[in-house]
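Peer 1: So I've got this file, model-v1.csv, and it contains CSV, C-alpha atoms:
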```csv
chain,number,residue,atom,x,y,z
I,1,MET,CA,-5.4,-29.5,10.1
I,2,LYS,CA,-2.5,-27.1,10.2
I,3,MET,CA,-1.2,-24.4,8.0
I,4,THR,CA,1.2,-25.8,5.4
I,5,LEU,CA,3.8,-24.2,3.1
I,6,LYS,CA,0.9,-23.7,0.7
I,7,LYS,CA,0.3,-20.1,1.8
I,8,LEU,CA,4.0,-19.3,1.7
I,9,LEU,CA,4.4,-20.9,-1.7
I,10,ALA,CA,1.3,-19.0,-2.9
I,11,LEU,CA,2.7,-15.7,-1.8
I,12,ILE,CA,6.1,-16.4,-3.4
I,13,THR,CA,4.2,-17.5,-6.6
I,14,VAL,CA,2.5,-14.1,-6.6
I,15,MET,CA,5.9,-12.5,-6.4
I,16,ALA,CA,7.1,-14.7,-9.3
I,17,MET,CA,4.1,-13.8,-11.4
I,18,VAL,CA,4.7,-10.1,-10.8
I,19,LEU,CA,8.3,-10.5,-11.8
I,20,SER,CA,7.5,-12.5,-15.0
I,21,LEU,CA,4.2,-10.9,-16.0
I,22,ALA,CA,4.2,-7.3,-14.9
I,23,ALA,CA,6.5,-4.4,-14.8
I,24,CYS,CA,7.2,-0.8,-15.6
I,25,GLY,CA,5.3,0.2,-18.7
I,26,GLY,CA,8.0,1.3,-21.1
I,27,GLY,CA,10.2,2.8,-18.3
I,28,SER,CA,12.9,5.3,-19.1
I,29,GLY,CA,15.6,3.5,-17.2
I,30,GLY,CA,14.7,4.6,-13.7
I,31,GLY,CA,12.0,7.2,-13.8
I,32,SER,CA,11.5,10.8,-14.8
I,33,SER,CA,14.1,13.5,-15.0
I,34,GLU,CA,12.5,15.5,-12.2
I,35,ALA,CA,14.3,15.6,-8.8
I,36,PRO,CA,12.9,12.8,-6.7
I,37,ALA,CA,10.7,13.8,-3.7
I,38,GLU,CA,12.0,13.5,-0.2
I,39,ALA,CA,11.8,9.8,1.1
I,40,ASN,CA,8.9,9.0,3.3
I,41,ALA,CA,9.1,5.2,3.1
I,42,GLY,CA,11.6,2.4,3.1
I,43,VAL,CA,12.5,-1.2,3.7
I,44,ALA,CA,15.8,-3.0,4.3
I,45,GLU,CA,18.6,-0.7,2.9
I,46,ILE,CA,16.6,1.5,0.5
I,47,VAL,CA,14.3,4.5,1.0
I,48,PHE,CA,11.8,6.1,-1.4
I,49,SER,CA,8.8,8.4,-1.7
I,50,VAL,CA,5.2,7.2,-2.1
I,51,PRO,CA,2.2,9.4,-2.5
I,52,GLU,CA,0.9,10.7,0.9
I,53,ALA,CA,-2.6,9.4,0.1
I,54,TRP,CA,-1.4,5.8,-0.2
I,55,THR,CA,-2.0,3.6,2.8
I,56,CYS,CA,0.5,1.1,4.2
I,57,ASN,CA,-1.5,-2.1,4.7
I,58,SER,CA,1.2,-4.7,5.3
I,59,ALA,CA,4.9,-4.6,6.3
I,60,THR,CA,7.7,-6.7,7.9
I,61,LEU,CA,11.0,-5.2,8.8
I,62,GLY,CA,13.7,-6.3,6.4
I,63,ASP,CA,11.3,-8.2,4.2
I,64,TYR,CA,8.3,-6.4,2.7
I,65,VAL,CA,6.2,-3.4,2.6
I,66,SER,CA,3.0,-2.8,0.7
I,67,TYR,CA,0.5,0.1,0.1
I,68,LYS,CA,-3.0,0.4,-1.2
I,69,THR,CA,-3.3,3.2,-3.8
I,70,GLU,CA,-6.2,5.6,-4.1
I,71,SER,CA,-7.4,3.6,-7.1
I,72,GLY,CA,-7.3,0.2,-5.3
I,73,LEU,CA,-4.0,-1.1,-6.7
I,74,ASP,CA,-1.3,-2.7,-4.6
I,75,PHE,CA,2.2,-1.2,-4.6
I,76,GLY,CA,4.9,-3.1,-2.8
I,77,VAL,CA,8.6,-3.7,-2.3
I,78,SER,CA,9.8,-7.2,-1.4
I,79,VAL,CA,13.4,-8.1,-0.3
I,80,PHE,CA,15.1,-11.4,-0.9
I,81,ASP,CA,18.4,-12.0,0.9
I,82,GLU,CA,20.8,-14.8,1.8
I,83,GLU,CA,18.6,-16.0,4.6
I,84,ASP,CA,15.6,-16.3,2.3
I,85,LEU,CA,17.8,-18.1,-0.2
I,86,GLU,CA,18.8,-20.7,2.4
I,87,ASN,CA,15.2,-21.1,3.5
I,88,SER,CA,13.9,-21.5,-0.1
I,89,LYS,CA,16.2,-24.5,-0.6
I,90,GLN,CA,14.3,-26.4,2.0
I,91,TRP,CA,11.1,-26.5,0.0
I,92,ASP,CA,12.2,-25.8,-3.6
I,93,PRO,CA,14.3,-28.6,-5.1
I,94,GLU,CA,14.9,-26.5,-8.2
I,95,GLN,CA,16.6,-23.7,-6.3
I,96,THR,CA,20.3,-24.1,-7.3
I,97,ALA,CA,21.6,-20.6,-6.7
I,98,GLU,CA,24.6,-20.5,-4.4
I,99,ASN,CA,24.3,-16.8,-3.6
I,100,ILE,CA,22.0,-13.8,-4.2
I,101,GLN,CA,23.9,-12.7,-7.3
I,102,GLU,CA,23.2,-16.1,-8.9
I,103,TYR,CA,19.6,-16.0,-7.7
I,104,PHE,CA,19.1,-12.6,-9.3
I,105,GLU,CA,20.6,-13.6,-12.6
I,106,GLN,CA,18.6,-16.9,-12.7
I,107,SER,CA,15.4,-15.2,-11.8
I,108,ASN,CA,15.7,-12.7,-14.6
I,109,THR,CA,17.1,-14.9,-17.3
I,110,LYS,CA,15.3,-18.3,-16.9
I,111,GLN,CA,12.8,-17.1,-19.5
I,112,THR,CA,13.8,-15.8,-22.9
I,113,ASP,CA,12.4,-12.7,-24.4
I,114,GLU,CA,10.5,-14.8,-26.9
I,115,GLU,CA,8.9,-16.9,-24.1
I,116,LEU,CA,8.0,-13.7,-22.2
I,117,LYS,CA,6.4,-12.2,-25.3
I,118,GLU,CA,4.3,-15.4,-25.7
I,119,ARG,CA,2.8,-14.5,-22.3
I,120,GLY,CA,2.3,-10.9,-23.4
I,121,THR,CA,5.3,-9.6,-21.5
I,122,GLU,CA,8.1,-7.3,-22.5
I,123,ARG,CA,11.4,-7.2,-20.6
I,124,THR,CA,13.8,-4.2,-20.7
I,125,LYS,CA,17.0,-3.3,-18.9
I,126,VAL,CA,17.0,-0.3,-16.6
I,127,THR,CA,19.0,1.5,-13.9
I,128,VAL,CA,17.5,1.8,-10.4
I,129,CYS,CA,19.3,3.3,-7.4
I,130,GLY,CA,22.5,3.4,-9.5
I,131,VAL,CA,22.5,-0.3,-10.4
I,132,ASP,CA,21.3,-2.3,-13.4
I,133,GLY,CA,17.9,-4.0,-13.2
I,134,TYR,CA,15.1,-5.4,-15.2
I,135,GLN,CA,11.6,-4.1,-16.0
I,136,TYR,CA,8.8,-6.2,-17.2
I,137,ALA,CA,5.5,-5.0,-18.9
I,138,GLY,CA,2.6,-7.4,-19.0
I,139,SER,CA,-0.5,-6.4,-20.9
I,140,SER,CA,-4.1,-7.5,-21.4
I,141,ASP,CA,-6.3,-6.5,-24.4
I,142,ASN,CA,-6.9,-3.2,-22.5
I,143,GLY,CA,-3.2,-2.2,-21.9
I,144,VAL,CA,-0.6,-2.6,-19.2
I,145,VAL,CA,-2.1,-4.3,-16.2
I,146,GLY,CA,0.9,-4.6,-13.9
I,147,LEU,CA,4.3,-2.9,-13.3
I,148,SER,CA,7.4,-4.4,-11.6
I,149,THR,CA,11.1,-3.8,-11.4
I,150,SER,CA,13.8,-6.2,-10.2
I,151,PHE,CA,17.2,-5.0,-9.1
I,152,LEU,CA,20.2,-6.1,-7.0
I,153,TYR,CA,21.5,-3.7,-4.4
I,154,ASN,CA,24.1,-4.3,-1.7
I,155,GLY,CA,23.7,-8.0,-1.6
I,156,LYS,CA,19.9,-8.1,-1.6
I,157,SER,CA,17.4,-8.7,-4.5
I,158,TYR,CA,14.6,-6.1,-4.5
I,159,LEU,CA,11.3,-6.4,-6.4
I,160,THR,CA,8.9,-3.4,-6.7
I,161,PHE,CA,5.5,-3.9,-8.1
I,162,LEU,CA,2.2,-2.2,-8.8
I,163,ASP,CA,-0.8,-4.3,-9.8
I,164,LYS,CA,-4.0,-6.1,-8.7
I,165,GLN,CA,-3.8,-9.8,-7.9
I,166,ASP,CA,-7.2,-10.5,-9.6
I,167,VAL,CA,-5.7,-9.6,-13.0
I,168,TYR,CA,-4.0,-13.0,-13.2
I,169,ASP,CA,-5.6,-16.4,-13.7
I,170,ASP,CA,-4.8,-19.6,-11.7
I,171,GLU,CA,-1.8,-20.3,-14.0
I,172,GLY,CA,-0.3,-16.9,-13.4
I,173,LYS,CA,-1.3,-15.5,-16.9
I,174,VAL,CA,-2.8,-12.1,-17.4
I,175,LYS,CA,-6.5,-12.2,-18.0
I,176,LYS,CA,-7.3,-10.9,-21.4
I,177,ASP,CA,-10.0,-8.6,-20.1
I,178,ALA,CA,-8.0,-7.3,-17.1
I,179,PRO,CA,-8.3,-3.5,-16.7
I,180,ALA,CA,-5.3,-1.4,-17.6
I,181,ILE,CA,-3.4,0.6,-15.0
I,182,SER,CA,-4.2,4.4,-15.4
I,183,ALA,CA,-1.6,6.8,-16.7
I,184,ASP,CA,-1.6,8.6,-13.3
I,185,ASP,CA,-0.7,5.3,-11.5
I,186,MET,CA,2.0,4.5,-14.0
I,187,LYS,CA,3.5,8.0,-13.5
I,188,ALA,CA,3.4,7.5,-9.8
I,189,TYR,CA,5.2,4.3,-10.1
I,190,GLU,CA,7.9,5.9,-12.3
I,191,SER,CA,8.3,8.6,-9.7
I,192,ILE,CA,8.8,6.1,-6.9
I,193,LEU,CA,11.5,4.3,-9.0
I,194,ALA,CA,13.2,7.6,-9.5
I,195,SER,CA,13.2,8.3,-5.7
I,196,ILE,CA,14.7,5.0,-4.6
I,197,GLN,CA,18.1,5.7,-2.9
I,198,SER,CA,20.4,4.1,-0.3
I,199,GLY,CA,19.2,4.6,3.3
I,200,ASP,CA,18.1,2.9,6.5
I,201,GLY,CA,14.7,1.7,5.2
I,202,ASP,CA,14.0,-0.4,8.2
I,203,ALA,CA,14.6,2.5,10.6
I,204,MET,CA,12.1,4.6,8.5
I,205,LEU,CA,9.6,1.7,8.4
I,206,LYS,CA,9.9,0.9,12.1
I,207,GLY,CA,9.0,4.4,12.9
I,208,SER,CA,5.7,4.0,11.1
I,209,LEU,CA,4.8,0.5,12.3
I,210,THR,CA,2.1,0.7,15.1
I,211,ALA,CA,-0.6,-1.6,16.2
I,212,ASP,CA,-3.1,-1.7,19.1
I,213,SER,CA,-5.5,-4.3,17.8
I,214,ILE,CA,-6.1,-7.2,15.4
I,215,GLY,CA,-9.5,-7.9,14.0
I,216,SER,CA,-12.0,-6.9,16.6
I,217,ILE,CA,-9.6,-7.5,19.5
I,218,ALA,CA,-7.6,-4.7,21.1
I,219,PHE,CA,-4.3,-5.2,23.0
I,220,GLU,CA,-1.6,-3.4,24.8
I,221,VAL,CA,2.0,-3.6,23.4
I,222,PRO,CA,4.2,-4.6,26.3
I,223,GLU,CA,6.9,-2.2,27.5
I,224,GLY,CA,10.2,-3.1,25.8
I,225,TYR,CA,8.5,-4.5,22.7
I,226,SER,CA,8.2,-3.1,19.2
I,227,VAL,CA,5.9,-3.8,16.3
I,228,THR,CA,8.0,-5.5,13.6
I,229,SER,CA,5.3,-6.9,11.3
I,230,VAL,CA,1.8,-5.9,10.6
I,231,SER,CA,-1.2,-6.8,8.3
I,232,ASP,CA,-4.9,-7.3,8.7
I,233,THR,CA,-4.4,-10.9,9.9
I,234,TYR,CA,-1.1,-11.0,11.7
I,235,ILE,CA,1.0,-8.8,13.9
I,236,THR,CA,4.5,-9.5,15.4
I,237,LEU,CA,5.8,-7.8,18.5
I,238,ALA,CA,9.5,-8.3,19.1
I,239,LYS,CA,11.3,-7.9,22.4
I,240,ASP,CA,13.9,-5.2,22.0
I,241,GLY,CA,17.4,-6.7,21.7
I,242,SER,CA,16.1,-10.3,21.9
I,243,GLU,CA,14.8,-13.1,19.7
I,244,VAL,CA,11.7,-13.4,21.8
I,245,THR,CA,8.5,-12.5,19.8
I,246,ILE,CA,4.8,-12.3,20.4
I,247,ASN,CA,2.9,-13.4,17.4
I,248,CYS,CA,-0.8,-12.4,16.8
I,249,ASN,CA,-2.8,-14.3,14.2
I,250,LEU,CA,-6.4,-14.0,13.1
I,251,ILE,CA,-7.8,-16.8,11.0
I,252,THR,CA,-10.9,-15.7,9.2
I,253,GLU,CA,-13.3,-17.6,6.9
I,254,ASP,CA,-11.3,-16.4,3.9
I,255,GLU,CA,-8.0,-17.7,5.5
I,256,LEU,CA,-9.3,-21.3,5.7
I,257,LYS,CA,-8.3,-21.8,2.0
I,258,TRP,CA,-4.6,-21.8,3.1
I,259,TYR,CA,-5.1,-24.7,5.5
I,260,GLU,CA,-5.3,-28.3,4.6
I,261,ASP,CA,-4.7,-31.8,5.9
I,262,GLU,CA,-2.5,-34.5,4.4
I,263,ASN,CA,-5.2,-35.3,1.9
I,264,GLY,CA,-5.5,-31.8,0.7
I,265,ASN,CA,-8.9,-31.2,2.4
I,266,HIS,CA,-9.7,-27.7,3.7
I,267,PRO,CA,-11.6,-27.0,7.0
I,268,GLU,CA,-15.3,-26.9,6.5
I,269,SER,CA,-15.7,-24.0,9.0
I,270,LEU,CA,-14.0,-21.9,11.6
I,271,GLU,CA,-15.7,-24.1,14.2
I,272,ALA,CA,-14.2,-27.2,12.7
I,273,GLU,CA,-10.7,-25.8,12.5
I,274,TYR,CA,-10.9,-24.5,16.1
I,275,LYS,CA,-12.1,-27.9,17.3
I,276,ASN,CA,-9.2,-29.6,15.5
I,277,ARG,CA,-6.7,-27.2,17.0
I,278,THR,CA,-7.9,-27.6,20.5
I,279,GLU,CA,-8.6,-31.3,20.3
I,280,TYR,CA,-5.9,-32.3,22.8
I,281,MET,CA,-6.4,-29.4,25.2
I,282,GLY,CA,-7.4,-30.4,28.7
I,283,ASP,CA,-9.6,-28.8,31.3
I,284,GLU,CA,-6.5,-27.4,32.9
I,285,ASP,CA,-5.8,-25.4,29.8
I,286,LYS,CA,-9.2,-23.7,29.7
I,287,ALA,CA,-9.3,-19.9,30.1
I,288,THR,CA,-11.5,-16.9,29.5
I,289,ILE,CA,-9.7,-14.6,27.0
I,290,ALA,CA,-11.1,-11.2,26.0
I,291,GLY,CA,-14.5,-12.4,27.3
I,292,PHE,CA,-14.5,-15.6,25.2
I,293,ASP,CA,-14.0,-19.3,26.2
I,294,GLY,CA,-10.5,-20.3,25.1
I,295,TYR,CA,-7.3,-22.1,26.0
I,296,LYS,CA,-3.9,-21.2,27.3
I,297,ASN,CA,-0.9,-23.6,27.0
I,298,CYS,CA,2.5,-23.3,28.6
I,299,TYR,CA,4.6,-26.4,29.2
I,300,PRO,CA,8.3,-27.1,29.3
I,301,PHE,CA,9.9,-29.1,26.5
I,302,GLU,CA,12.0,-32.3,26.7
I,303,ASP,CA,15.0,-30.3,28.1
I,304,ASP,CA,12.7,-28.9,30.9
I,305,LYS,CA,12.9,-25.4,29.3
I,306,TYR,CA,10.3,-23.1,27.9
I,307,TYR,CA,10.4,-22.0,24.3
I,308,TYR,CA,6.7,-21.5,23.5
I,309,THR,CA,3.5,-20.4,25.2
I,310,SER,CA,0.2,-19.8,23.5
I,311,ALA,CA,-3.4,-18.6,23.9
I,312,MET,CA,-6.3,-19.3,21.6
I,313,PHE,CA,-10.1,-18.6,21.3
I,314,LEU,CA,-12.8,-18.5,18.7
I,315,GLY,CA,-14.1,-15.0,18.4
I,316,ASN,CA,-17.1,-13.5,16.5
I,317,ASP,CA,-15.0,-13.0,13.4
I,318,GLY,CA,-12.4,-15.7,13.5
I,319,ILE,CA,-9.9,-17.8,15.4
I,320,TYR,CA,-7.5,-15.7,17.4
I,321,ASP,CA,-4.2,-17.4,18.0
I,322,PHE,CA,-1.5,-15.7,20.1
I,323,ASP,CA,1.9,-17.0,21.1
I,324,MET,CA,5.2,-16.1,22.5
I,325,SER,CA,8.2,-18.0,21.1
I,326,THR,CA,11.9,-18.0,20.2
I,327,PRO,CA,13.5,-19.5,17.1
I,328,ALA,CA,14.6,-22.6,19.1
I,329,TRP,CA,14.1,-25.3,16.4
I,330,ASP,CA,16.2,-26.3,13.4
I,331,ALA,CA,14.9,-27.3,10.0
I,332,ASP,CA,14.4,-30.9,11.3
I,333,GLY,CA,12.3,-29.8,14.3
I,334,ASN,CA,15.0,-30.4,16.8
I,335,ILE,CA,15.8,-27.9,19.6
I,336,LYS,CA,19.0,-26.1,18.6
I,337,GLU,CA,22.0,-26.1,20.9
I,338,GLY,CA,22.1,-22.9,22.9
I,339,ALA,CA,18.6,-22.0,21.9
I,340,VAL,CA,17.1,-18.9,23.6
I,341,GLU,CA,14.5,-19.9,26.2
I,342,LEU,CA,11.6,-18.0,27.6
I,343,THR,CA,12.3,-16.9,31.1
I,344,GLU,CA,9.8,-16.7,33.9
I,345,ALA,CA,9.7,-12.9,33.3
I,346,ASP,CA,9.0,-13.4,29.6
I,347,ARG,CA,6.1,-15.8,30.4
I,348,GLU,CA,4.7,-13.2,32.8
I,349,VAL,CA,4.8,-10.6,30.1
I,350,PHE,CA,2.8,-12.9,27.9
I,351,ASP,CA,0.3,-13.6,30.6
I,352,ASN,CA,-0.2,-9.8,31.1
I,353,PHE,CA,-0.5,-9.4,27.3
I,354,VAL,CA,-3.2,-12.0,27.1
I,355,ALA,CA,-5.0,-10.4,30.1
I,356,SER,CA,-4.9,-7.0,28.2
I,357,LEU,CA,-6.9,-8.5,25.3
I,358,LYS,CA,-10.4,-6.9,25.0
I,359,ALA,CA,-13.1,-6.9,22.4
I,360,LYS,CA,-13.3,-3.5,20.7
```
Go ahead and express the file in the form of structure tokens.

Peer 2:
Amino acid sequence: MKMTLKKLLALITVMAMVLSLAACGGGSGGGSSEAPAEANAGVAEIVFSVPEAWTCNSATLGDYVSYKTESGLDFGVSVFDEEDLENSKQWDPEQTAENIQEYFEQSNTKQTDEELKERGTERTKVTVCGVDGYQYAGSSDNGVVGLSTSFLYNGKSYLTFLDKQDVYDDEGKVKKDAPAISADDMKAYESILASIQSGDGDAMLKGSLTADSIGSIAFEVPEGYSVTSVSDTYITLAKDGSEVTINCNLITEDELKWYEDENGNHPESLEAEYKNRTEYMGDEDKATIAGFDGYKNCYPFEDDKYYYTSAMFLGNDGIYDFDMSTPAWDADGNIKEGAVELTEADREVFDNFVASLKAK
């Protein structure tokens, strides 16, 4: 089995649900009249202020940042740019937008106000960061359950949201008994909207991205590498000034639902998934990693160059999968002309990184 587009599609579906079902609860067109607090967070080309008590739990430079609030809600900002638009056309045949402006307009007008109201959603026009945007308010029987705002700024489509994923059913509709967002959380969301301004969000985000472990395994970030993406189950380390990345992935029992074979079957267990992933590994690939029996794989491709090397083992809490790679392949799986290769020095860095892995 292998990971399919199912997880990516699910994540994008969540974003779509937030956009169509949740939003700012009767916003005033961009927040309160109070002066916005000094920015302490950001992503892409915007910066903003979030409450100090909120914890950043997932982020990718240029793409996404999310926080866990004191009350257990999720606040986040996602970014959709021209590269995302081109990638989406590969798996979404209904994607007809030719540019981000068209994408933004289509995303916010494909449903009429009447259709939204039938789903318990109200849409209003607002101003955020000096530009026009849309707010959506989706409610259960208990009140507003999610907040989101969509706006187009400097050639990128931004979506901010505050909600809990379990307030939606499998069809993306608000559950009638979903708990309402508190007045304090709604006020905090309005305050964040009011604080959004132009700025180097990625520089601010990069300064706060740190990692020294994933799951129960600790590691050492190689010299000359920076953390560019982090969550509970994946971390990306990028070589400064290069397209070379070290990717750290943890597959837990909960993650198995995102993996399926051509028949739509999910792995029965972590052991079964690990066996499937290592089925064609030979004795020459066996290695001891972080005290566990595992495998290391590093072979040249058809052009006698290296673009990928990996290490994997089954730990106490999941499958640990580490690799070093470059974006060497096109959409059809062919090696691109002039693709960046992994040098001998790069591969040595990866070997040392794997050697640094230790159980916490």

Peer 1: In Å, how far is it from atom CA of I:Gly138 to atom CA of I:Asp177?

Peer 2: 12.7 Å

Peer 1: With only C-alpha atoms as the atoms that count, which of I:Val145, I:Met186, I:Leu159, I:Leu256 lies nearest to I:Val174?

Peer 2: I:Val145

Peer 1: Which of these residues is nearest to I:Ile251, using only C-alpha atoms: I:Glu118, I:Asp304, I:Glu223, I:Asp317?

Peer 2: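 Counting only C-alpha atoms, the residue closest to I:Ile251 is I:Asp317.
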
Peer 1: Quick one: of I:Tyr67, I:Phe104, I:Phe151, I:Tyr274, who's nearest to I:Asp163, counting all atoms listed in the file?

Peer 2: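 Using all atoms listed in the file, I:Asp163 sits closest to I:Tyr67.
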
Peer 1: Write out, as a tab-separated table, each residue of stretch 60-104 of chain I that has an atom at most 12 Å from stretch 323-344 of chain I, together with the closest pair of atoms and their distance in Å to one decimal, counting all atoms listed in the file, rows going by chain and rising number.

Peer 2:
```
residue	atom	partner	partner_atom	distance
I:Glu86	CA	I:Ala331	CA	10.8
I:Asn87	CA	I:Ala331	CA	9.0
I:Ser88	CA	I:Ala331	CA	11.7
I:Lys89	CA	I:Ala331	CA	11.0
I:Gln90	CA	I:Ala331	CA	8.1
I:Trp91	CA	I:Ala331	CA	10.7
```

Peer 1: Work out how far apart atom CA of I:Leu357 and atom CA of I:Met204 are and give it in Å to one decimal.

Peer 2: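 Spanning atom CA of I:Leu357 to atom CA of I:Met204 is a straight-line distance of 28.5 Å.
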
Peer 1: Could you tell me how far atom CA of I:Val79 sits from atom CA of I:Ser140, in Å to one decimal place?

Peer 2: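 Between atom CA of I:Ser140 and atom CA of I:Val79 the gap works out to 27.4 Å.
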
Peer 1: Which residues, written as a PyMOL selection string, have at least one atom at most 10 Å from I:Tyr153, with all atoms listed in the file counted and residues fewer than 2 positions away on the same chain left out?

Peer 2: chain I and resi 45-46+101+128-133+150-151+155-158+198

Peer 1: Using all atoms listed in the file, find the one residue out of I:Leu61, I:Leu162, I:Leu147, I:Ala97 that sits nearest to I:Asp74.

Peer 2: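 Nearest candidate to I:Asp74 out of I:Leu61, I:Leu162, I:Leu147, I:Ala97: I:Leu162.
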
Peer 1: Using all atoms listed in the file, find the one residue out of I:Thr55, I:Asn40, I:Asn154, I:Leu314 that sits nearest to I:Phe80.

Peer 2: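 Result for the nearest residue to I:Phe80: I:Asn154.
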
Peer 1: Counting all atoms listed in the file, what is within 12 Å of I:Ala178, bar same-chain residues fewer than 6 positions away, as a list in words?

Peer 2: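 In the requested form, the answer reads Gly138, Ser139, Ser140, Asp141, Asn142, Gly143, Val144, Val145, Gly146, Asp163, Lys164, Gln165, Asp166, Val167, Tyr168 and Asp169 of chain I.
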
Peer 1: Got a sec: who's within 10 Å of I:Lys360, counting only C-alpha atoms, leaving out chain neighbours fewer than 4 positions off, as a PyMOL selection string?

Peer 2: chain I and resi 213-219+290

Peer 1: Could stretch 278-289 of chain I be completed with N, CA and C atoms and returned as a PDB file, keeping the file's coordinate frame?

Peer 2:
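The resulting file, result26.pdb, is reproduced below:
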```pdb
ATOM      1  N   THR I 278      -7.823 -27.494  19.045  1.00  0.00           N
ATOM      2  CA  THR I 278      -7.900 -27.600  20.500  1.00  0.00           C
ATOM      3  C   THR I 278      -8.281 -29.033  20.950  1.00  0.00           C
ATOM      4  N   GLU I 279      -8.175 -29.977  20.033  1.00  0.00           N
ATOM      5  CA  GLU I 279      -8.600 -31.300  20.300  1.00  0.00           C
ATOM      6  C   GLU I 279      -7.920 -31.950  21.525  1.00  0.00           C
ATOM      7  N   TYR I 280      -6.633 -31.649  21.683  1.00  0.00           N
ATOM      8  CA  TYR I 280      -5.900 -32.300  22.800  1.00  0.00           C
ATOM      9  C   TYR I 280      -5.685 -31.352  23.966  1.00  0.00           C
ATOM     10  N   MET I 281      -6.397 -30.242  24.000  1.00  0.00           N
ATOM     11  CA  MET I 281      -6.400 -29.400  25.200  1.00  0.00           C
ATOM     12  C   MET I 281      -7.185 -29.962  26.288  1.00  0.00           C
ATOM     13  N   GLY I 282      -6.688 -29.868  27.520  1.00  0.00           N
ATOM     14  CA  GLY I 282      -7.400 -30.400  28.700  1.00  0.00           C
ATOM     15  C   GLY I 282      -8.130 -29.332  29.439  1.00  0.00           C
ATOM     16  N   ASP I 283      -8.879 -29.763  30.431  1.00  0.00           N
ATOM     17  CA  ASP I 283      -9.600 -28.800  31.300  1.00  0.00           C
ATOM     18  C   ASP I 283      -8.660 -27.832  31.938  1.00  0.00           C
ATOM     19  N   GLU I 284      -7.439 -28.319  32.250  1.00  0.00           N
ATOM     20  CA  GLU I 284      -6.500 -27.400  32.900  1.00  0.00           C
ATOM     21  C   GLU I 284      -6.002 -26.308  32.018  1.00  0.00           C
ATOM     22  N   ASP I 285      -6.238 -26.427  30.706  1.00  0.00           N
ATOM     23  CA  ASP I 285      -5.800 -25.400  29.800  1.00  0.00           C
ATOM     24  C   ASP I 285      -6.916 -24.369  29.472  1.00  0.00           C
ATOM     25  N   LYS I 286      -8.123 -24.617  29.961  1.00  0.00           N
ATOM     26  CA  LYS I 286      -9.200 -23.700  29.700  1.00  0.00           C
ATOM     27  C   LYS I 286      -9.019 -22.357  30.322  1.00  0.00           C
ATOM     28  N   ALA I 287      -9.423 -21.307  29.593  1.00  0.00           N
ATOM     29  CA  ALA I 287      -9.300 -19.900  30.100  1.00  0.00           C
ATOM     30  C   ALA I 287     -10.257 -19.026  29.442  1.00  0.00           C
ATOM     31  N   THR I 288     -10.617 -17.964  30.120  1.00  0.00           N
ATOM     32  CA  THR I 288     -11.500 -16.900  29.500  1.00  0.00           C
ATOM     33  C   THR I 288     -10.535 -15.835  29.007  1.00  0.00           C
ATOM     34  N   ILE I 289     -10.626 -15.553  27.695  1.00  0.00           N
ATOM     35  CA  ILE I 289      -9.700 -14.600  27.000  1.00  0.00           C
ATOM     36  C   ILE I 289     -10.565 -13.569  26.294  1.00  0.00           C
TER      37      ILE I 289
END
```
